[in-house]
file model.pdb (PDB, C-alpha atoms)
ATOM      1  CA  MET A   1       0.000   0.000   0.000
ATOM      2  CA  GLY A   2       0.990   3.607  -0.360
ATOM      3  CA  ASP A   3       0.376   6.825  -2.219
ATOM      4  CA  ASN A   4       0.411   6.996  -5.998
ATOM      5  CA  GLY A   5       3.919   7.245  -7.421
ATOM      6  CA  CYS A   6       5.761   5.883  -4.379
ATOM      7  CA  GLY A   7       7.154   2.777  -6.117
ATOM      8  CA  LYS A   8       4.631  -0.009  -5.573
ATOM      9  CA  THR A   9       4.419  -0.954  -9.258
ATOM     10  CA  THR A  10       8.198  -0.599  -9.676
ATOM     11  CA  PHE A  11       8.581  -3.006  -6.733
ATOM     12  CA  ALA A  12       6.194  -5.428  -8.474
ATOM     13  CA  ASN A  13       8.104  -5.089 -11.748
ATOM     14  CA  ALA A  14      11.342  -5.893  -9.894
ATOM     15  CA  LEU A  15       9.736  -8.993  -8.343
ATOM     16  CA  SER A  16       8.596 -10.040 -11.822
ATOM     17  CA  GLY A  17      12.062  -9.648 -13.329
ATOM     18  CA  LEU A  18      10.839  -6.863 -15.609
ATOM     19  CA  VAL A  19      13.335  -4.310 -14.313
ATOM     20  CA  LYS A  20      16.956  -4.691 -13.278
ATOM     21  CA  ILE A  21      17.677  -4.378  -9.564
ATOM     22  CA  LYS A  22      20.833  -4.465  -7.483
ATOM     23  CA  TYR A  23      19.419  -6.809  -4.844
ATOM     24  CA  ASN A  24      18.861 -10.561  -4.841
ATOM     25  CA  ILE A  25      15.387 -12.002  -4.609
ATOM     26  CA  GLU A  26      15.021 -15.317  -2.844
ATOM     27  CA  LEU A  27      12.242 -17.863  -3.031
ATOM     28  CA  ALA A  28      12.260 -20.860  -0.700
ATOM     29  CA  GLY A  29      15.793 -19.931   0.405
ATOM     30  CA  GLU A  30      17.246 -19.847  -3.110
ATOM     31  CA  VAL A  31      18.300 -16.773  -5.080
ATOM     32  CA  ILE A  32      16.246 -16.466  -8.256
ATOM     33  CA  SER A  33      17.809 -15.067 -11.423
ATOM     34  CA  LYS A  34      16.017 -12.496 -13.583
ATOM     35  CA  LYS A  35      15.170 -15.326 -15.994
ATOM     36  CA  GLY A  36      13.857 -17.365 -13.071
ATOM     37  CA  LEU A  37      11.685 -14.475 -11.928
ATOM     38  CA  LEU A  38      10.248 -14.073 -15.418
ATOM     39  CA  LYS A  39       9.511 -17.816 -15.524
ATOM     40  CA  ASN A  40       7.990 -18.075 -12.040
ATOM     41  CA  THR A  41       5.957 -14.850 -11.789
ATOM     42  CA  PHE A  42       2.597 -13.800 -13.178
ATOM     43  CA  GLN A  43       1.685 -10.143 -12.825
ATOM     44  CA  VAL A  44      -1.804  -8.841 -13.484
ATOM     45  CA  MET A  45      -1.180  -5.228 -14.431
ATOM     46  CA  GLN A  46      -3.378  -2.342 -13.406
ATOM     47  CA  ASP A  47      -4.210  -1.777 -17.088
ATOM     48  CA  VAL A  48      -4.962  -5.301 -18.287
ATOM     49  CA  ASN A  49      -5.310  -4.141 -21.898
ATOM     50  CA  TYR A  50      -1.533  -4.602 -22.162
ATOM     51  CA  GLN A  51      -1.808  -8.327 -21.457
ATOM     52  CA  LEU A  52      -4.742  -9.533 -23.540
ATOM     53  CA  PHE A  53      -3.369 -11.241 -26.654
ATOM     54  CA  THR A  54      -5.824 -13.711 -28.186
ATOM     55  CA  ASN A  55      -9.098 -13.414 -30.093
ATOM     56  CA  LEU A  56     -11.229 -15.400 -27.602
ATOM     57  CA  VAL A  57     -11.614 -15.159 -23.830
ATOM     58  CA  ASP A  58     -11.422 -18.976 -23.595
ATOM     59  CA  LYS A  59      -8.046 -18.982 -25.383
ATOM     60  CA  GLU A  60      -6.853 -16.027 -23.317
ATOM     61  CA  ILE A  61      -7.531 -17.784 -20.029
ATOM     62  CA  LYS A  62      -5.935 -21.029 -21.230
ATOM     63  CA  LEU A  63      -2.843 -19.270 -22.603
ATOM     64  CA  GLY A  64      -0.102 -20.340 -20.197
ATOM     65  CA  CYS A  65      -2.565 -22.390 -18.129
ATOM     66  CA  ASN A  66      -0.816 -25.041 -16.042
ATOM     67  CA  ASN A  67      -3.726 -25.756 -13.722
ATOM     68  CA  ILE A  68      -6.525 -26.818 -16.105
ATOM     69  CA  GLU A  69      -8.227 -28.869 -13.362
ATOM     70  CA  MET A  70      -9.197 -25.549 -11.693
ATOM     71  CA  PHE A  71     -10.500 -23.975 -14.944
ATOM     72  CA  ASP A  72     -14.222 -24.517 -14.341
ATOM     73  CA  LYS A  73     -14.075 -23.482 -10.684
ATOM     74  CA  ILE A  74     -12.200 -20.247 -11.404
ATOM     75  CA  VAL A  75     -14.262 -19.339 -14.480
ATOM     76  CA  ASP A  76     -17.504 -19.903 -12.562
ATOM     77  CA  SER A  77     -16.291 -18.149  -9.390
ATOM     78  CA  LEU A  78     -15.298 -15.077 -11.390
ATOM     79  CA  GLY A  79     -18.572 -15.150 -13.369
ATOM     80  CA  ILE A  80     -16.914 -15.227 -16.784
ATOM     81  CA  ARG A  81     -18.276 -18.456 -18.300
ATOM     82  CA  LYS A  82     -20.716 -16.495 -20.484
ATOM     83  CA  LEU A  83     -17.759 -14.509 -21.859
ATOM     84  CA  LEU A  84     -15.658 -17.473 -23.072
ATOM     85  CA  GLY A  85     -16.757 -17.130 -26.725
ATOM     86  CA  ARG A  86     -16.210 -13.359 -26.904
ATOM     87  CA  HIS A  87     -13.212 -11.334 -28.065
ATOM     88  CA  PRO A  88     -11.403  -9.817 -25.048
ATOM     89  CA  ASN A  89     -11.525  -6.325 -26.609
ATOM     90  CA  THR A  90     -15.338  -6.375 -26.462
ATOM     91  CA  LEU A  91     -15.376  -6.756 -22.670
ATOM     92  CA  SER A  92     -15.878  -4.080 -20.033
ATOM     93  CA  GLY A  93     -12.942  -3.065 -17.843
ATOM     94  CA  GLY A  94     -14.113  -5.238 -14.948
ATOM     95  CA  GLU A  95     -14.653  -8.237 -17.245
ATOM     96  CA  LYS A  96     -11.155  -7.837 -18.699
ATOM     97  CA  GLN A  97      -9.790  -7.637 -15.157
ATOM     98  CA  ARG A  98     -11.494 -10.923 -14.236
ATOM     99  CA  VAL A  99     -10.133 -12.617 -17.388
ATOM    100  CA  ALA A 100      -6.577 -11.549 -16.523
ATOM    101  CA  ILE A 101      -7.058 -12.663 -12.910
ATOM    102  CA  ALA A 102      -8.323 -16.067 -14.115
ATOM    103  CA  SER A 103      -5.191 -16.427 -16.270
ATOM    104  CA  ALA A 104      -2.988 -15.648 -13.281
ATOM    105  CA  LEU A 105      -4.780 -18.056 -10.965
ATOM    106  CA  LEU A 106      -4.545 -20.851 -13.547
ATOM    107  CA  SER A 107      -0.876 -20.219 -14.371
ATOM    108  CA  LYS A 108       0.466 -22.208 -11.414
ATOM    109  CA  LYS A 109       3.277 -19.667 -11.084
ATOM    110  CA  LYS A 110       5.105 -19.474  -7.760
ATOM    111  CA  ILE A 111       4.662 -15.690  -7.429
ATOM    112  CA  LEU A 112       1.409 -13.921  -8.310
ATOM    113  CA  ILE A 113       1.203 -10.135  -8.335
ATOM    114  CA  PHE A 114      -2.095  -8.287  -8.644
ATOM    115  CA  ASP A 115      -1.886  -4.525  -9.261
ATOM    116  CA  GLU A 116      -5.203  -2.983  -8.163
ATOM    117  CA  PRO A 117      -7.195  -6.181  -8.775
ATOM    118  CA  THR A 118     -10.485  -4.752  -7.510
ATOM    119  CA  SER A 119     -10.594  -1.835  -9.949
ATOM    120  CA  GLY A 120     -13.655  -2.400 -12.085
ATOM    121  CA  LEU A 121     -14.998  -5.176  -9.844
ATOM    122  CA  ASP A 122     -18.301  -4.982  -8.035
ATOM    123  CA  TYR A 123     -18.675  -6.165  -4.427
ATOM    124  CA  ILE A 124     -19.776  -9.707  -5.341
ATOM    125  CA  ASN A 125     -16.794 -10.232  -7.646
ATOM    126  CA  MET A 126     -14.473  -8.777  -5.006
ATOM    127  CA  ILE A 127     -15.729 -11.373  -2.509
ATOM    128  CA  GLU A 128     -15.296 -14.184  -5.063
ATOM    129  CA  LEU A 129     -11.772 -12.979  -5.822
ATOM    130  CA  SER A 130     -11.006 -12.959  -2.081
ATOM    131  CA  LYS A 131     -12.125 -16.584  -1.805
ATOM    132  CA  LEU A 132     -10.004 -17.633  -4.795
ATOM    133  CA  ILE A 133      -6.940 -15.837  -3.460
ATOM    134  CA  HIS A 134      -7.373 -17.616  -0.117
ATOM    135  CA  GLU A 135      -7.664 -20.973  -1.875
ATOM    136  CA  ILE A 136      -4.661 -20.423  -4.151
ATOM    137  CA  GLY A 137      -2.723 -19.005  -1.187
ATOM    138  CA  LYS A 138      -3.015 -22.336   0.629
ATOM    139  CA  SER A 139      -0.689 -23.848  -1.955
ATOM    140  CA  ASP A 140       2.988 -22.992  -2.220
ATOM    141  CA  VAL A 141       2.376 -19.594  -3.866
ATOM    142  CA  VAL A 142       3.491 -16.122  -2.802
ATOM    143  CA  ILE A 143       0.832 -13.516  -3.577
ATOM    144  CA  PHE A 144       1.441  -9.766  -3.688
ATOM    145  CA  ILE A 145      -1.484  -7.376  -3.982
ATOM    146  CA  ILE A 146      -1.087  -3.683  -4.723
ATOM    147  CA  THR A 147      -4.260  -1.924  -3.666
ATOM    148  CA  HIS A 148      -5.844   1.173  -2.173
ATOM    149  CA  ASP A 149      -8.851  -0.936  -1.132
ATOM    150  CA  TYR A 150      -8.454  -1.373   2.648
ATOM    151  CA  GLU A 151     -11.534  -3.556   2.988
ATOM    152  CA  PHE A 152     -10.294  -5.965   0.308
ATOM    153  CA  LEU A 153      -6.820  -5.960   1.834
ATOM    154  CA  CYS A 154      -8.214  -6.993   5.207
ATOM    155  CA  THR A 155      -9.950  -9.976   3.623
ATOM    156  CA  VAL A 156      -6.869 -11.348   1.825
ATOM    157  CA  ALA A 157      -3.608 -10.132   3.378
ATOM    158  CA  ASP A 158      -1.465 -11.590   6.128
ATOM    159  CA  GLU A 159       0.875  -8.631   6.154
ATOM    160  CA  VAL A 160       1.151  -5.214   4.550
ATOM    161  CA  LEU A 161       4.168  -3.412   3.163
ATOM    162  CA  HIS A 162       3.465   0.307   3.433
ATOM    163  CA  PHE A 163       5.391   2.367   0.859
ATOM    164  CA  ASP A 164       6.227   6.044   0.844
ATOM    165  CA  GLU A 165       8.519   8.129  -1.396
ATOM    166  CA  ASN A 166      11.583   6.478   0.237
ATOM    167  CA  GLY A 167      10.479   2.877  -0.363
ATOM    168  CA  ILE A 168       9.073   0.465   2.196
ATOM    169  CA  ARG A 169       8.194   2.526   5.272
ATOM    170  CA  GLU A 170       6.873  -0.297   7.452
ATOM    171  CA  ARG A 171       5.707  -3.885   7.513
ATOM    172  CA  ILE A 172       2.414  -4.513   9.304
ATOM    173  CA  ASP A 173       1.313  -7.962  10.446
ATOM    174  CA  LEU A 174      -2.428  -8.342   9.844
ATOM    175  CA  ASN A 175      -3.423 -10.780  12.537
ATOM    176  CA  VAL A 176      -7.103 -11.474  13.199
ATOM    177  CA  GLU A 177      -7.351  -8.764  15.881
ATOM    178  CA  THR A 178      -5.792  -6.114  13.631
ATOM    179  CA  LYS A 179      -8.086  -7.053  10.724
ATOM    180  CA  GLU A 180     -11.157  -6.767  12.959
ATOM    181  CA  LYS A 181     -10.070  -3.293  14.150
ATOM    182  CA  ILE A 182      -9.489  -2.087  10.580
ATOM    183  CA  LEU A 183     -12.828  -3.468   9.371
ATOM    184  CA  LYS A 184     -14.633  -1.738  12.273
ATOM    185  CA  ILE A 185     -12.969   1.561  11.365
ATOM    186  CA  MET A 186     -13.942   1.082   7.694
ATOM    187  CA  SER A 187     -17.616   0.326   8.439
TER
END

call {"tool": "encode", "arguments": {"input": "model.pdb", "output": "structure tokens"}}
result
Amino acid sequence: MGDNGCGKTTFANALSGLVKIKYNIELAGEVISKKGLLKNTFQVMQDVNYQLFTNLVDKEIKLGCNNIEMFDKIVDSLGIRKLLGRHPNTLSGGEKQRVAIASALLSKKKILIFDEPTSGLDYINMIELSKLIHEIGKSDVVIFIITHDYEFLCTVADEVLHFDENGIRERIDLNVETKEKILKIMS
């Protein structure tokens, strides 16, 4: 979390191997090369128009899919089954967002990064996304979420990295008690 322009997306791009950094990134105790990061990371960008490549939603979701056994569950949970035969460019912003999220969840990558995943989503789809993130998070996957949506964050995060203009300002552990306090403040 943090203000616009404080480096959250740059941090995500570094984790994805998209930008060169001077630090090592480790996963499961092993340093990962830039090539390894590119291979093991799926990033859903804030503007998903940059990552829609095929002429059918069905093909788009299956592009890079390594978890086909979860296809029906994810497609149905995100409410995009009726969109499978459409061209991605004909979808609304929220529908495109859900297609990109489905691709990420089905990729079986070790690191998933979602940049403002609730933009364009209504409350019901936000809840469904929360459930899917919890389910995927039970496996051996590291999930990063960049968001300004405190309510969503409280439903999915275990800890928060708070950024300011100097980088990571603080790390906050979101235990059950902390989440309950934040949700009370938000309501």

call {"tool": "residues_around", "arguments": {"input": "model.pdb", "residues": "range 110-118 of chain A", "least_positions_apart": "3", "cutoff": "9 Å", "atoms": "only C-alpha atoms", "output": "PyMOL selection string"}}
result
chain A and resi 8-9+12+15-16+27+37+40-47+94+97-98+101+104-105+107+121-123+125-126+129+140-149+152

call {"tool": "write_last_selection", "arguments": {"input": "model.pdb", "atoms": "C-alpha atoms", "output": "JSON list (two decimals), in the frame of the given file"}}
result
[["chain", "number", "residue", "atom", "x", "y", "z"],
["A", 8, "LYS", "CA", 4.63, -0.01, -5.57],
["A", 9, "THR", "CA", 4.42, -0.95, -9.26],
["A", 12, "ALA", "CA", 6.19, -5.43, -8.47],
["A", 15, "LEU", "CA", 9.74, -8.99, -8.34],
["A", 16, "SER", "CA", 8.60, -10.04, -11.82],
["A", 27, "LEU", "CA", 12.24, -17.86, -3.03],
["A", 37, "LEU", "CA", 11.68, -14.48, -11.93],
["A", 40, "ASN", "CA", 7.99, -18.08, -12.04],
["A", 41, "THR", "CA", 5.96, -14.85, -11.79],
["A", 42, "PHE", "CA", 2.60, -13.80, -13.18],
["A", 43, "GLN", "CA", 1.68, -10.14, -12.82],
["A", 44, "VAL", "CA", -1.80, -8.84, -13.48],
["A", 45, "MET", "CA", -1.18, -5.23, -14.43],
["A", 46, "GLN", "CA", -3.38, -2.34, -13.41],
["A", 47, "ASP", "CA", -4.21, -1.78, -17.09],
["A", 94, "GLY", "CA", -14.11, -5.24, -14.95],
["A", 97, "GLN", "CA", -9.79, -7.64, -15.16],
["A", 98, "ARG", "CA", -11.49, -10.92, -14.24],
["A", 101, "ILE", "CA", -7.06, -12.66, -12.91],
["A", 104, "ALA", "CA", -2.99, -15.65, -13.28],
["A", 105, "LEU", "CA", -4.78, -18.06, -10.96],
["A", 107, "SER", "CA", -0.88, -20.22, -14.37],
["A", 121, "LEU", "CA", -15.00, -5.18, -9.84],
["A", 122, "ASP", "CA", -18.30, -4.98, -8.04],
["A", 123, "TYR", "CA", -18.68, -6.16, -4.43],
["A", 125, "ASN", "CA", -16.79, -10.23, -7.65],
["A", 126, "MET", "CA", -14.47, -8.78, -5.01],
["A", 129, "LEU", "CA", -11.77, -12.98, -5.82],
["A", 140, "ASP", "CA", 2.99, -22.99, -2.22],
["A", 141, "VAL", "CA", 2.38, -19.59, -3.87],
["A", 142, "VAL", "CA", 3.49, -16.12, -2.80],
["A", 143, "ILE", "CA", 0.83, -13.52, -3.58],
["A", 144, "PHE", "CA", 1.44, -9.77, -3.69],
["A", 145, "ILE", "CA", -1.48, -7.38, -3.98],
["A", 146, "ILE", "CA", -1.09, -3.68, -4.72],
["A", 147, "THR", "CA", -4.26, -1.92, -3.67],
["A", 148, "HIS", "CA", -5.84, 1.17, -2.17],
["A", 149, "ASP", "CA", -8.85, -0.94, -1.13],
["A", 152, "PHE", "CA", -10.29, -5.96, 0.31]]

call {"tool": "atom_distance", "arguments": {"input": "model.pdb", "atom1": "CA of His134 in chain A", "atom2": "CA of Val156 in chain A"}}
result
6.6 Å

call {"tool": "residues_near_point", "arguments": {"input": "model.pdb", "point": "(-1.3, -10.8, 3.6)", "cutoff": "12 Å", "atoms": "only C-alpha atoms", "output": "PyMOL selection string"}}
result
chain A and resi 1+130+133-134+137+142-147+150+152-161+171-176+178-179

call {"tool": "closest_residue", "arguments": {"input": "model.pdb", "among": "A:Lys22, A:Asn4, A:Ser103, A:Glu30", "to": "Asn67 in chain A", "atoms": "only C-alpha atoms"}}
result
A:Ser103

call {"tool": "atom_distance", "arguments": {"input": "model.pdb", "atom1": "CA of Asp164 in chain A", "atom2": "CA of Gly2 in chain A"}}
result
5.9 Å

call {"tool": "closest_residue", "arguments": {"input": "model.pdb", "among": "A:Val57, A:Lys34, A:Ala102, A:Cys65", "to": "Lys82 in chain A", "atoms": "all atoms listed in the file"}}
result
A:Val57

call {"tool": "atom_distance", "arguments": {"input": "model.pdb", "atom1": "CA of Leu18 in chain A", "atom2": "CA of Val31 in chain A"}}
result
16.3 Å

call {"tool": "closest_residue", "arguments": {"input": "model.pdb", "among": "A:Glu26, A:Gly17, A:Lys35, A:Pro88", "to": "Tyr50 in chain A", "atoms": "all atoms listed in the file"}}
result
A:Pro88

call {"tool": "closest_residue", "arguments": {"input": "model.pdb", "among": "A:Lys73, A:His87, A:Arg81, A:Arg169", "to": "Leu132 in chain A", "atoms": "all atoms listed in the file"}}
result
A:Lys73

call {"tool": "closest_residue", "arguments": {"input": "model.pdb", "among": "A:Ile68, A:Thr10, A:Lys109, A:Gly79", "to": "Lys39 in chain A", "atoms": "all atoms listed in the file"}}
result
A:Lys109

call {"tool": "closest_residue", "arguments": {"input": "model.pdb", "among": "A:Glu170, A:Ile80, A:Gly36, A:Glu165", "to": "Cys6 in chain A", "atoms": "all atoms listed in the file"}}
result
A:Glu165

call {"tool": "resolve_selection", "arguments": {"input": "model.pdb", "expression": "the PyMOL selection byres ((chain A and resi 86) around 12)", "output": "ChimeraX atom specification"}}
result
/A:54-61,80-85,87-92,95-96,99

call {"tool": "axis_aligned_box", "arguments": {"input": "model.pdb", "around": "range 4-9 of chain A", "padding_each_side": "3 Å", "output": "JSON"}}
result
{"center_x": 3.8, "center_y": 3.1, "center_z": -6.8, "size_x": 12.7, "size_y": 14.2, "size_z": 10.9}
